[in-house]
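*Asks:* For reference, this is final-v2.csv, and it has CSV, C-alpha atoms.
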```csv
chain,number,residue,atom,x,y,z
A,239,MET,CA,-42.6,19.2,69.8
A,240,ALA,CA,-42.1,15.5,69.1
A,241,GLY,CA,-44.8,13.9,67.1
A,242,SER,CA,-46.3,17.2,66.0
A,243,LYS,CA,-47.8,17.4,62.5
A,244,LYS,CA,-45.5,19.0,59.9
A,245,PRO,CA,-46.7,22.3,58.5
A,246,LYS,CA,-48.3,22.3,55.1
A,247,ILE,CA,-46.1,23.3,52.2
A,248,GLU,CA,-47.0,26.8,51.0
A,249,GLU,CA,-46.2,28.9,47.9
A,250,PRO,CA,-43.3,30.8,49.5
A,251,ASP,CA,-41.5,27.5,50.3
A,252,ILE,CA,-41.1,26.7,46.6
A,253,THR,CA,-39.0,29.1,44.6
A,254,GLY,CA,-36.4,29.1,41.9
A,255,LEU,CA,-38.4,26.8,39.6
A,256,LYS,CA,-36.7,28.3,36.6
A,257,PHE,CA,-34.1,25.6,37.2
A,258,PHE,CA,-36.6,23.1,35.9
A,259,ASP,CA,-37.0,24.8,32.5
A,260,LYS,CA,-33.9,22.9,31.3
A,261,LEU,CA,-35.1,19.6,32.7
A,262,ALA,CA,-38.5,19.6,31.2
A,263,PRO,CA,-37.3,19.2,27.6
A,264,LEU,CA,-35.0,16.4,28.6
A,265,LEU,CA,-37.8,14.4,30.1
A,266,LYS,CA,-40.5,15.3,27.6
A,267,ARG,CA,-39.9,12.1,25.7
A,268,LEU,CA,-41.4,10.2,28.7
A,269,HIS,CA,-44.7,12.0,28.6
A,270,ASP,CA,-46.7,9.3,26.9
A,271,GLU,CA,-44.9,6.4,28.7
A,272,GLY,CA,-47.4,4.1,30.5
A,273,CYS,CA,-50.4,5.6,28.8
A,274,GLU,CA,-51.3,2.5,26.8
A,275,ARG,CA,-54.0,1.5,29.2
A,276,ASP,CA,-55.5,5.0,29.3
A,277,ARG,CA,-57.7,4.8,26.3
A,278,ALA,CA,-60.0,7.5,27.6
A,279,GLY,CA,-57.2,10.0,27.9
A,280,ASN,CA,-57.9,10.6,31.6
A,281,ARG,CA,-54.3,10.3,32.9
A,282,GLN,CA,-53.5,13.4,35.0
A,283,LEU,CA,-50.0,12.5,36.1
A,284,HIS,CA,-47.5,11.7,33.3
A,285,TYR,CA,-44.0,10.1,33.6
A,286,ASP,CA,-42.1,13.3,32.9
A,287,GLN,CA,-44.2,15.2,35.5
A,288,TYR,CA,-43.6,12.5,38.1
A,289,CYS,CA,-39.8,12.7,37.5
A,290,LEU,CA,-39.9,16.4,37.9
A,291,LEU,CA,-41.7,16.1,41.2
A,292,VAL,CA,-39.2,13.5,42.4
A,293,LEU,CA,-36.3,15.9,41.4
A,294,LEU,CA,-38.2,18.7,43.3
A,295,HIS,CA,-38.1,16.3,46.3
A,296,LEU,CA,-34.3,15.7,45.9
A,297,PHE,CA,-33.4,19.4,45.6
A,298,ASN,CA,-35.8,21.0,48.1
A,299,PRO,CA,-35.2,20.1,51.8
A,300,ILE,CA,-38.8,21.1,52.6
A,301,VAL,CA,-40.3,18.4,50.4
A,302,THR,CA,-39.3,15.4,52.5
A,303,SER,CA,-42.0,12.7,51.8
A,304,LEU,CA,-44.5,11.5,49.3
A,305,ARG,CA,-47.2,13.6,51.0
A,306,GLY,CA,-44.9,16.6,50.8
A,307,VAL,CA,-44.6,15.9,47.0
A,308,GLN,CA,-48.4,15.8,46.8
A,309,GLN,CA,-48.8,19.1,48.7
A,310,ALA,CA,-46.2,20.7,46.4
A,311,SER,CA,-48.2,19.6,43.4
A,312,GLU,CA,-51.2,21.6,44.7
A,313,LEU,CA,-49.3,24.9,44.4
A,314,SER,CA,-50.1,26.9,41.3
A,315,LYS,CA,-46.4,27.9,40.9
A,316,VAL,CA,-45.4,24.2,40.7
A,317,GLN,CA,-48.2,23.3,38.4
A,318,LYS,CA,-47.3,26.1,36.0
A,319,LYS,CA,-43.6,25.4,35.9
A,320,LEU,CA,-43.8,21.6,35.9
A,321,GLY,CA,-46.8,21.5,33.6
A,322,CYS,CA,-48.8,19.2,35.8
A,323,ALA,CA,-52.1,19.2,37.6
A,324,ARG,CA,-52.7,18.4,41.3
A,325,ALA,CA,-51.5,14.9,41.9
A,326,SER,CA,-53.3,12.7,44.5
A,327,LEU,CA,-51.5,10.4,46.8
A,328,GLY,CA,-53.1,7.5,44.9
A,329,SER,CA,-51.7,8.6,41.6
A,330,LEU,CA,-48.3,9.2,43.0
A,331,SER,CA,-48.3,5.8,44.6
A,332,GLU,CA,-49.6,4.2,41.4
A,333,ALA,CA,-46.9,5.8,39.3
A,334,THR,CA,-44.3,3.3,40.2
A,335,SER,CA,-46.4,0.4,38.8
A,336,VAL,CA,-47.2,2.3,35.6
A,337,PHE,CA,-43.9,3.9,34.6
A,338,ASP,CA,-40.8,1.9,33.5
A,339,ALA,CA,-37.6,3.0,35.3
A,340,GLU,CA,-35.5,1.6,32.4
A,341,ARG,CA,-36.5,4.6,30.2
A,342,LEU,CA,-34.5,6.9,32.4
A,343,LYS,CA,-31.2,5.0,31.6
A,344,GLU,CA,-31.1,6.5,28.1
A,345,ILE,CA,-31.4,10.0,29.6
A,346,ILE,CA,-28.6,9.2,32.0
A,347,GLY,CA,-26.5,8.0,29.1
A,348,GLU,CA,-27.0,11.3,27.1
A,349,LEU,CA,-26.1,13.4,30.2
A,350,GLY,CA,-23.0,11.3,30.7
A,351,ASP,CA,-21.9,12.0,27.2
A,352,GLN,CA,-22.1,15.7,27.9
A,353,LEU,CA,-19.9,15.5,31.0
A,354,GLN,CA,-16.3,16.8,30.5
A,355,PRO,CA,-13.5,14.7,32.0
A,356,LEU,CA,-12.3,16.1,35.3
A,357,ALA,CA,-8.7,16.8,36.1
A,358,GLN,CA,-6.9,13.5,36.9
A,359,ASP,CA,-3.7,12.4,38.5
A,360,PRO,CA,-1.0,12.6,35.9
A,361,ARG,CA,0.2,9.1,36.9
A,362,LEU,CA,-3.1,7.8,35.4
A,363,GLN,CA,-2.7,9.4,32.0
A,364,ASP,CA,-1.5,6.2,30.4
A,365,ILE,CA,-4.6,4.2,31.5
A,366,GLN,CA,-6.6,4.1,28.2
A,367,GLN,CA,-9.7,2.3,29.6
A,368,THR,CA,-12.4,4.1,31.6
A,369,ILE,CA,-11.7,3.6,35.3
A,370,THR,CA,-15.0,2.4,36.7
A,371,LEU,CA,-15.4,1.8,40.5
A,372,VAL,CA,-17.9,-0.9,41.3
A,373,ASP,CA,-19.6,-1.4,44.7
A,374,GLY,CA,-22.9,-1.7,46.4
A,375,THR,CA,-24.8,0.0,49.2
A,376,LEU,CA,-27.9,-1.0,51.1
A,377,LEU,CA,-31.2,0.9,51.5
A,378,ALA,CA,-33.6,-0.3,54.1
A,379,ALA,CA,-37.3,0.4,53.7
A,380,LEU,CA,-40.4,-0.2,55.8
A,381,PRO,CA,-43.1,-1.6,53.5
A,382,LYS,CA,-46.8,-1.4,54.0
A,383,ILE,CA,-48.0,-2.1,57.6
A,384,MET,CA,-49.5,-5.5,56.9
A,385,GLU,CA,-46.5,-6.7,55.1
A,386,ALA,CA,-44.1,-5.3,57.7
A,387,SER,CA,-46.1,-7.1,60.5
A,388,TRP,CA,-45.9,-10.4,58.6
A,389,ARG,CA,-42.2,-10.0,58.0
A,390,LYS,CA,-41.5,-9.1,61.6
A,391,ALA,CA,-43.5,-12.2,62.8
A,392,SER,CA,-41.8,-14.6,60.3
A,393,LYS,CA,-38.3,-13.2,60.0
A,394,GLY,CA,-37.7,-11.0,63.0
A,395,SER,CA,-37.6,-7.8,61.1
A,396,GLY,CA,-40.1,-5.6,59.3
A,397,MET,CA,-37.5,-4.0,57.1
A,398,VAL,CA,-37.0,-4.8,53.4
A,399,LYS,CA,-33.4,-4.2,52.2
A,400,TRP,CA,-32.4,-3.3,48.7
A,401,ARG,CA,-28.9,-3.3,47.3
A,402,LEU,CA,-27.8,-0.6,44.8
A,403,HIS,CA,-25.1,-2.1,42.6
A,404,THR,CA,-23.2,1.0,41.4
A,405,HIS,CA,-20.8,1.9,38.6
A,406,PHE,CA,-18.9,5.1,39.3
A,407,GLU,CA,-16.7,6.7,36.6
A,408,VAL,CA,-13.7,8.4,38.2
A,409,LEU,CA,-13.0,10.8,35.3
A,410,ARG,CA,-16.6,12.1,35.3
A,411,GLY,CA,-17.0,12.1,39.1
A,412,VAL,CA,-20.5,10.6,38.9
A,413,PRO,CA,-22.3,7.2,38.8
A,414,THR,CA,-23.3,6.2,35.3
A,415,ARG,CA,-25.2,3.0,36.3
A,416,ILE,CA,-27.1,1.7,39.3
A,417,ASP,CA,-28.9,-1.7,39.3
A,418,VAL,CA,-31.4,-2.2,42.2
A,419,THR,CA,-32.0,-5.7,43.5
A,420,PRO,CA,-33.2,-7.2,46.7
A,421,ASN,CA,-30.3,-7.8,49.1
A,422,GLY,CA,-29.2,-11.4,48.9
A,423,GLY,CA,-27.2,-14.0,47.0
A,424,GLY,CA,-28.0,-16.0,43.9
A,425,GLU,CA,-29.0,-13.8,40.9
A,426,HIS,CA,-28.7,-10.8,43.2
A,427,ASP,CA,-25.1,-11.4,44.2
A,428,GLU,CA,-22.9,-8.4,43.4
A,429,ARG,CA,-20.6,-10.5,41.2
A,430,VAL,CA,-23.5,-11.9,39.2
A,431,VAL,CA,-25.0,-8.5,38.7
A,432,LEU,CA,-21.7,-7.0,37.6
A,433,GLU,CA,-21.0,-9.9,35.1
A,434,ALA,CA,-24.4,-9.2,33.5
A,435,ALA,CA,-23.6,-5.5,33.0
A,436,LEU,CA,-20.0,-5.8,31.7
A,437,GLU,CA,-18.9,-3.4,28.9
A,438,ALA,CA,-15.8,-3.2,26.8
A,439,ASP,CA,-12.9,-0.8,27.4
A,440,ARG,CA,-13.4,-0.4,31.1
A,441,LEU,CA,-11.1,-0.9,34.0
A,442,TYR,CA,-13.3,-2.2,36.8
A,443,VAL,CA,-12.1,-1.5,40.3
A,444,GLY,CA,-13.6,-3.6,43.1
A,445,ASP,CA,-13.1,-4.7,46.7
A,446,ARG,CA,-12.9,-8.2,48.1
A,447,GLY,CA,-16.6,-8.9,47.5
A,448,TYR,CA,-15.9,-9.0,43.7
A,449,ALA,CA,-12.9,-11.4,44.0
A,450,LYS,CA,-14.0,-14.3,41.9
A,451,PHE,CA,-12.0,-15.9,39.1
A,452,SER,CA,-15.0,-16.5,36.8
A,453,LEU,CA,-15.8,-12.8,37.0
A,454,PHE,CA,-12.2,-11.9,36.2
A,455,ASN,CA,-12.5,-14.2,33.2
A,456,GLY,CA,-15.7,-12.5,32.1
A,457,ILE,CA,-14.2,-9.0,32.4
A,458,VAL,CA,-11.2,-10.0,30.2
A,459,ALA,CA,-13.5,-11.7,27.7
A,460,ALA,CA,-15.6,-8.5,27.5
A,461,GLY,CA,-12.5,-6.6,26.4
A,462,SER,CA,-12.0,-4.9,29.8
A,463,SER,CA,-9.6,-5.1,32.7
A,464,TYR,CA,-9.8,-5.3,36.5
A,465,VAL,CA,-8.1,-4.1,39.6
A,466,CYS,CA,-9.5,-6.1,42.6
A,467,ARG,CA,-8.6,-6.7,46.2
A,468,LEU,CA,-8.1,-10.3,47.2
A,469,ARG,CA,-9.1,-11.8,50.6
A,470,ASP,CA,-6.3,-12.0,53.2
A,471,ASN,CA,-6.4,-15.8,53.1
A,472,SER,CA,-5.8,-16.0,49.3
A,473,VAL,CA,-3.1,-18.5,48.3
A,474,TRP,CA,-1.1,-18.3,45.2
A,475,GLU,CA,2.3,-19.3,43.7
A,476,ALA,CA,4.7,-17.0,41.7
A,477,VAL,CA,5.0,-18.1,38.1
A,478,GLU,CA,8.3,-16.4,37.8
A,479,PRO,CA,10.5,-14.4,40.3
A,480,GLY,CA,9.2,-10.8,40.7
A,481,ARG,CA,9.8,-7.7,42.7
A,482,ARG,CA,9.9,-8.2,46.4
A,483,ASP,CA,10.8,-5.9,49.4
A,484,ASP,CA,9.9,-7.4,52.8
A,485,ASP,CA,11.1,-4.3,54.5
A,486,ALA,CA,8.7,-2.0,52.6
A,487,GLY,CA,7.2,0.7,54.8
A,488,LEU,CA,3.6,1.9,55.1
A,489,ASN,CA,1.9,2.3,51.7
A,490,GLU,CA,4.9,0.9,49.9
A,491,VAL,CA,4.9,-2.1,47.6
A,492,ILE,CA,6.0,-5.4,49.2
A,493,SER,CA,5.8,-7.6,46.1
A,494,ASP,CA,4.8,-7.6,42.5
A,495,GLU,CA,4.4,-11.0,40.8
A,496,VAL,CA,2.6,-12.9,38.1
A,497,VAL,CA,1.0,-15.8,39.9
A,498,ARG,CA,-1.2,-18.9,39.6
A,499,PHE,CA,-3.7,-20.2,42.1
A,500,PRO,CA,-3.0,-24.0,42.5
A,501,HIS,CA,-6.0,-24.6,44.9
A,502,ALA,CA,-8.7,-23.1,42.7
A,503,ALA,CA,-11.0,-25.5,41.0
A,504,ALA,CA,-9.9,-26.4,37.5
A,505,SER,CA,-13.2,-25.2,36.0
A,506,SER,CA,-12.9,-21.7,37.5
A,507,ARG,CA,-9.2,-20.9,37.3
A,508,PRO,CA,-8.1,-17.7,35.6
A,509,ASP,CA,-7.7,-18.2,31.8
A,510,HIS,CA,-5.3,-15.3,31.5
A,511,PRO,CA,-2.1,-14.2,33.3
A,512,VAL,CA,-2.9,-12.7,36.8
A,513,ARG,CA,-0.6,-10.3,38.5
A,514,VAL,CA,-0.8,-9.7,42.3
A,515,VAL,CA,0.6,-6.5,43.9
A,516,CYS,CA,1.0,-6.5,47.7
A,517,VAL,CA,1.1,-3.1,49.5
A,518,ARG,CA,1.8,-2.5,53.2
A,519,ILE,CA,-1.1,-0.9,55.1
A,520,ASN,CA,-2.2,-0.5,58.7
A,521,PRO,CA,-3.6,-3.7,60.1
A,522,HIS,CA,-7.0,-3.4,61.9
A,523,THR,CA,-9.7,-5.4,63.5
A,524,SER,CA,-13.3,-4.8,62.8
A,525,ARG,CA,-15.1,-3.5,66.0
A,526,GLY,CA,-18.5,-2.7,64.4
A,527,LYS,CA,-19.7,0.5,63.0
A,528,TYR,CA,-20.8,2.0,66.3
A,529,ARG,CA,-18.0,0.8,68.6
A,530,GLY,CA,-15.3,3.3,67.8
A,531,GLY,CA,-13.4,1.0,65.4
A,532,SER,CA,-13.3,0.2,61.8
A,533,SER,CA,-16.6,-0.9,60.2
A,534,GLY,CA,-14.7,-2.9,57.5
A,535,VAL,CA,-13.5,-6.5,57.7
A,536,ASP,CA,-10.3,-7.4,59.4
A,537,SER,CA,-7.0,-6.7,57.7
A,538,ASP,CA,-3.6,-8.3,58.5
A,539,GLY,CA,-1.7,-5.3,57.2
A,540,VAL,CA,-1.2,-6.4,53.6
A,541,LEU,CA,-3.3,-5.1,50.7
A,542,ARG,CA,-3.4,-7.8,48.0
A,543,ILE,CA,-4.5,-6.5,44.6
A,544,ALA,CA,-5.1,-8.8,41.6
A,545,THR,CA,-5.1,-7.4,38.1
A,546,ASN,CA,-4.6,-8.5,34.5
A,547,LEU,CA,-2.7,-5.3,33.7
A,548,LEU,CA,0.9,-6.6,33.3
A,549,ASP,CA,2.7,-3.4,32.1
A,550,VAL,CA,1.4,-0.8,34.5
A,551,PRO,CA,3.7,0.2,37.4
A,552,ALA,CA,2.9,-1.4,40.7
A,553,GLU,CA,2.6,2.0,42.3
A,554,THR,CA,0.0,3.0,39.7
A,555,ILE,CA,-2.0,-0.2,40.4
A,556,ALA,CA,-2.0,0.7,44.1
A,557,LEU,CA,-3.1,4.3,43.3
A,558,ILE,CA,-6.0,3.1,41.1
A,559,PHE,CA,-7.3,0.9,44.0
A,560,SER,CA,-6.9,3.7,46.5
A,561,GLY,CA,-9.3,5.8,44.5
A,562,ARG,CA,-12.2,3.5,45.7
A,563,TRP,CA,-12.9,6.0,48.5
A,564,GLU,CA,-14.7,8.2,45.8
A,565,ILE,CA,-17.5,5.7,45.5
A,566,GLU,CA,-17.9,5.7,49.3
A,567,THR,CA,-18.1,9.5,49.2
A,568,PHE,CA,-20.8,9.3,46.6
A,569,PHE,CA,-22.8,6.8,48.7
A,570,ARG,CA,-22.7,9.3,51.5
A,571,PHE,CA,-23.8,12.1,49.2
A,572,PHE,CA,-26.6,9.9,47.8
A,573,LYS,CA,-28.0,8.9,51.2
A,574,HIS,CA,-27.3,11.7,53.5
A,575,ILE,CA,-27.3,14.8,51.3
A,576,LEU,CA,-29.7,14.0,48.4
A,577,GLY,CA,-31.9,12.4,51.1
A,578,CYS,CA,-32.3,9.0,49.3
A,579,ARG,CA,-32.6,7.2,52.7
A,580,ARG,CA,-36.1,8.6,52.6
A,581,LEU,CA,-37.8,6.5,49.9
A,582,LEU,CA,-40.8,7.7,48.1
A,583,SER,CA,-41.7,4.2,47.1
A,584,HIS,CA,-40.9,0.8,48.6
A,585,ASP,CA,-41.1,-1.4,45.5
A,586,GLN,CA,-38.2,-2.1,43.2
A,587,ASN,CA,-39.3,-0.1,40.2
A,588,GLY,CA,-40.1,2.9,42.4
A,589,ILE,CA,-36.7,2.8,44.1
A,590,GLU,CA,-35.1,2.6,40.7
A,591,ILE,CA,-36.9,5.7,39.4
A,592,GLN,CA,-35.8,7.6,42.5
A,593,THR,CA,-32.3,6.3,42.2
A,594,TYR,CA,-32.0,7.2,38.5
A,595,CYS,CA,-33.4,10.7,39.2
A,596,ALA,CA,-30.7,11.1,41.9
A,597,ILE,CA,-28.1,10.1,39.2
A,598,ILE,CA,-29.6,12.8,36.9
A,599,ALA,CA,-29.4,15.3,39.8
A,600,SER,CA,-25.7,14.5,40.4
A,601,MET,CA,-24.9,14.8,36.7
A,602,LEU,CA,-26.7,18.1,36.5
A,603,ILE,CA,-24.6,19.5,39.3
A,604,ALA,CA,-21.5,18.2,37.6
A,605,LEU,CA,-22.5,19.8,34.3
A,606,TRP,CA,-23.3,23.2,35.9
A,607,THR,CA,-20.1,23.3,37.9
A,608,GLY,CA,-17.6,21.2,35.9
A,609,ARG,CA,-16.8,19.5,39.2
A,610,LYS,CA,-18.0,16.5,41.3
A,611,PRO,CA,-21.1,17.2,43.3
A,612,THR,CA,-20.3,18.6,46.7
A,613,LEU,CA,-22.3,19.4,49.8
A,614,ARG,CA,-21.7,23.1,49.4
A,615,THR,CA,-23.0,23.3,45.9
A,616,TYR,CA,-26.0,21.1,46.7
A,617,GLU,CA,-26.8,23.4,49.7
A,618,MET,CA,-26.6,26.5,47.5
A,619,ILE,CA,-29.1,24.9,45.0
A,620,CYS,CA,-31.4,24.0,47.9
A,621,PHE,CA,-31.1,27.5,49.3
A,622,TYR,CA,-32.1,28.9,45.9
A,623,LEU,CA,-35.0,26.5,45.5
A,624,CYS,CA,-36.5,27.2,48.9
A,625,GLY,CA,-36.0,31.0,48.6
A,626,MET,CA,-33.1,31.5,50.9
A,627,ALA,CA,-30.7,32.5,48.1
A,628,CYS,CA,-31.4,34.6,45.0
A,629,GLU,CA,-30.5,33.5,41.5
A,630,GLN,CA,-27.6,35.9,41.4
A,631,GLU,CA,-26.1,34.4,44.5
A,632,LEU,CA,-26.4,30.9,43.0
A,633,MET,CA,-24.8,32.1,39.8
A,634,THR,CA,-22.0,33.8,41.7
A,635,HIS,CA,-21.3,30.5,43.6
A,636,LEU,CA,-21.2,28.5,40.3
A,637,ALA,CA,-19.0,31.1,38.6
A,638,LYS,CA,-16.6,31.0,41.5
A,639,LEU,CA,-16.3,27.2,41.3
A,640,LYS,CA,-15.6,27.4,37.5
A,641,LYS,CA,-13.0,30.0,38.1
A,642,GLN,CA,-11.3,27.8,40.7
A,643,GLU,CA,-11.3,24.9,38.3
A,644,ALA,CA,-9.8,27.0,35.6
```
Once you've parsed the file, please lay out its structure as structure tokens.

*Replies:*
Amino acid sequence: MAGSKKPKIEEPDITGLKFFDKLAPLLKRLHDEGCERDRAGNRQLHYDQYCLLVLLHLFNPIVTSLRGVQQASELSKVQKKLGCARASLGSLSEATSVFDAERLKEIIGELGDQLQPLAQDPRLQDIQQTITLVDGTLLAALPKIMEASWRKASKGSGMVKWRLHTHFEVLRGVPTRIDVTPNGGGEHDERVVLEAALEADRLYVGDRGYAKFSLFNGIVAAGSSYVCRLRDNSVWEAVEPGRRDDDAGLNEVISDEVVRFPHAAASSRPDHPVRVVCVRINPHTSRGKYRGGSSGVDSDGVLRIATNLLDVPAETIALIFSGRWEIETFFRFFKHILGCRRLLSHDQNGIEIQTYCAIIASMLIALWTGRKPTLRTYEMICFYLCGMACEQELMTHLAKLKKQEA
């Protein structure tokens, strides 16, 4: 019945908590985080316990809200396995203002170091840098009622939108960094956020939103490389004659040239040789996400890819860019499967904690299976945690995956 109250979470709804035995030691270092103000030693909910409750929410389809997390914390089975006492809604809400999301990044880094490289296309074996897909996705949240009412009256919408700037490593099959910012320009612009996070020895792969010469210069200065799509109206001149085939078919290379951009401002021109590879693709017109057409921007049928890699075959450059679909697949997994469209907190630090816990969940699935997280594996873990599958059935599923990989 619509609008009916959800049933209270009971002991039989939460099973398989042996899974958390391996997580608890990993998070133990966070136990005293945020306790500086608690001179009386009265804190009941610690950072490691809060993270375990968030992970319980991510892996158990029955625990769908902050109130569901609170109900789960009342269960003796959960308290025993997670080492926590009953958590009130107040303490769960307060957690995001007490605990620092940044502390989870070191744990993500350690898990990332444990991940074994996945099988890759042999055409990419000569790429020495870490192929890192970069993109952003939006999460919309409804804040507190009073704030939502004010926003709706003043801006026409009660929703707050957050952008998740994501770094996804192709060879590991998981994200290794997500920066959460309000959606907007200025310091929150995706190119500005990426430039502040650049690392050496990476090959950054981005779509048109990252096409900015100063960013390209920053990537090269950091000791990395880039493969980035240019906008359809980009203008350049060939520095020297290159490969050209105007009769190229679909998904074939039309041209491959080292170029210069004569109309770019002198202060922001590339300070290194830039190569542009053009590939024939299907033209399309954006018709909106819900009108039966493409939800992307218009395309005239030519994919223009800029890179500073001068010695890699043009077909390999096109192959590298085509792998961007993997980050879109992760966004779908993140929102629709891990359930991160349901936010436990609506402030930036709280969203970051939930986001980093979701990365940890993805990495754990990859570590157990040796493969990228999939819907089927996630479902099996959920079945196990809510009592629909026994431990042997879960282990059999994981063993089958490892056998297939071998």

*Asks:* So how far away is CA of Thr419 in chain A from CA of Leu402 in chain A, in Å?

*Replies:*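 According to the coordinates, CA of Leu402 in chain A and CA of Thr419 in chain A are separated by 6.7 Å.
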
*Asks:* Taking 5 positions as the minimum chain separation for residues in the same chain, which residues sit within 6 Å of Asp286 in chain A when counting only C-alpha atoms? Answer as a PDB file with C-alpha atoms, in the coordinates of the input.

*Replies:*
```pdb
ATOM      1  CA  LEU A 265     -37.800  14.400  30.100  1.00  0.00           C
ATOM      2  CA  LYS A 266     -40.500  15.300  27.600  1.00  0.00           C
ATOM      3  CA  LEU A 268     -41.400  10.200  28.700  1.00  0.00           C
ATOM      4  CA  HIS A 269     -44.700  12.000  28.600  1.00  0.00           C
TER       5      HIS A 269
END
```

*Asks:* Report, in Å to a single decimal, how far apart CA of Ala434 in chain A and CA of Ser505 in chain A are.

*Replies:*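 Interatomic distance, CA of Ser505 in chain A to CA of Ala434 in chain A: 19.7 Å.
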
*Asks:* Counting all atoms listed in the file, find residues at most 12 Å from (-11.1, 3.9, 46.8) (file frame) and give them as a ChimeraX atom specification.

*Replies:* /A:369-373,406-408,442-445,465-467,555-568

*Asks:* Residues near Pro511 in chain A, anyone? I mean within 8 Å using only C-alpha atoms, not counting same-chain ones fewer than 3 positions away, as a list in words.

*Replies:* Val496, Val497, Arg498, Pro508 and Asn546 of chain A

*Asks:* Name the residues in contact with range 296-298 of chain A at a cut-off of 6 Å, using all atoms listed in the file, excluding same-chain residues fewer than 3 positions from it; report them as a ChimeraX atom specification.

*Replies:* /A:293,301,576,620

*Asks:* Find the residues near Ile346 in chain A: any atom within 9 Å, counting all atoms listed in the file, skip ones fewer than 5 places away on the same chain, and give them as a list of chain:residue names.

*Replies:*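 Counting only the stated atoms, we get A:Asp351, A:Thr414, A:Arg415, A:Tyr594, A:Cys595, A:Ile597, A:Ile598, A:Met601.
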
*Asks:* So, with only C-alpha atoms as the atoms that count, which of A:Asn520, A:Gln309, A:Thr545, A:Thr375 lies closest to Lys573 in chain A?

*Replies:* A:Thr375

*Asks:* May I have the protein, DNA and RNA residues with any atom at most 10 Å from the point (2.6, -19.4, 47.6), counting all atoms listed in the file, written as a ChimeraX atom specification?

*Replies:* /A:472-477,497-500

*Asks:* Between CA of Val336 in chain A and CA of Glu274 in chain A, what is the distance, to one decimal in Å?

*Replies:*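 Those two atoms sit 9.7 Å apart.
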
*Asks:* So, with all atoms listed in the file as the atoms that count, which of A:Arg410, A:Leu264, A:Asp538, A:Lys610 lies closest to Glu348 in chain A?

*Replies:*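 Selected residue with least distance to Glu348 in chain A: A:Leu264.
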
*Asks:* Given the choices A:Arg440, A:Arg580, A:His574, A:Arg341, which gets closest to Tyr616 in chain A if the distance is worked out from all atoms listed in the file?

*Replies:*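 Checking each of A:Arg440, A:Arg580, A:His574, A:Arg341 against Tyr616 in chain A, counting all atoms listed in the file, the winner is A:His574.
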
*Asks:* Here is a test: counting only C-alpha atoms, which residue of A:Val316, A:Arg570, A:His635, A:Thr334 is nearest to Tyr285 in chain A?

*Replies:*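 That would be A:Thr334, the residue with the smallest distance to Tyr285 in chain A.
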
*Asks:* For Asp270 in chain A, which residue out of A:Asp494, A:Glu433, A:Asp338, A:Asp427 is the nearest one, using all atoms listed in the file?

*Replies:*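 Nearest candidate to Asp270 in chain A out of A:Asp494, A:Glu433, A:Asp338, A:Asp427: A:Asp338.
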
*Asks:* For Gly321 in chain A, find every residue with an atom within 10 Å (counting only C-alpha atoms), except residues of its own chain fewer than 2 positions away, and show them as a PyMOL selection string.

*Replies:* chain A and resi 262+283-284+286-287+290+314-319+323

*Asks:* From the options A:Asp417, A:Glu437, A:Asp549, A:Glu490, which residue's atoms come nearest to Asp364 in chain A, counting all atoms listed in the file?

*Replies:*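 That would be A:Asp549, the residue with the smallest distance to Asp364 in chain A.
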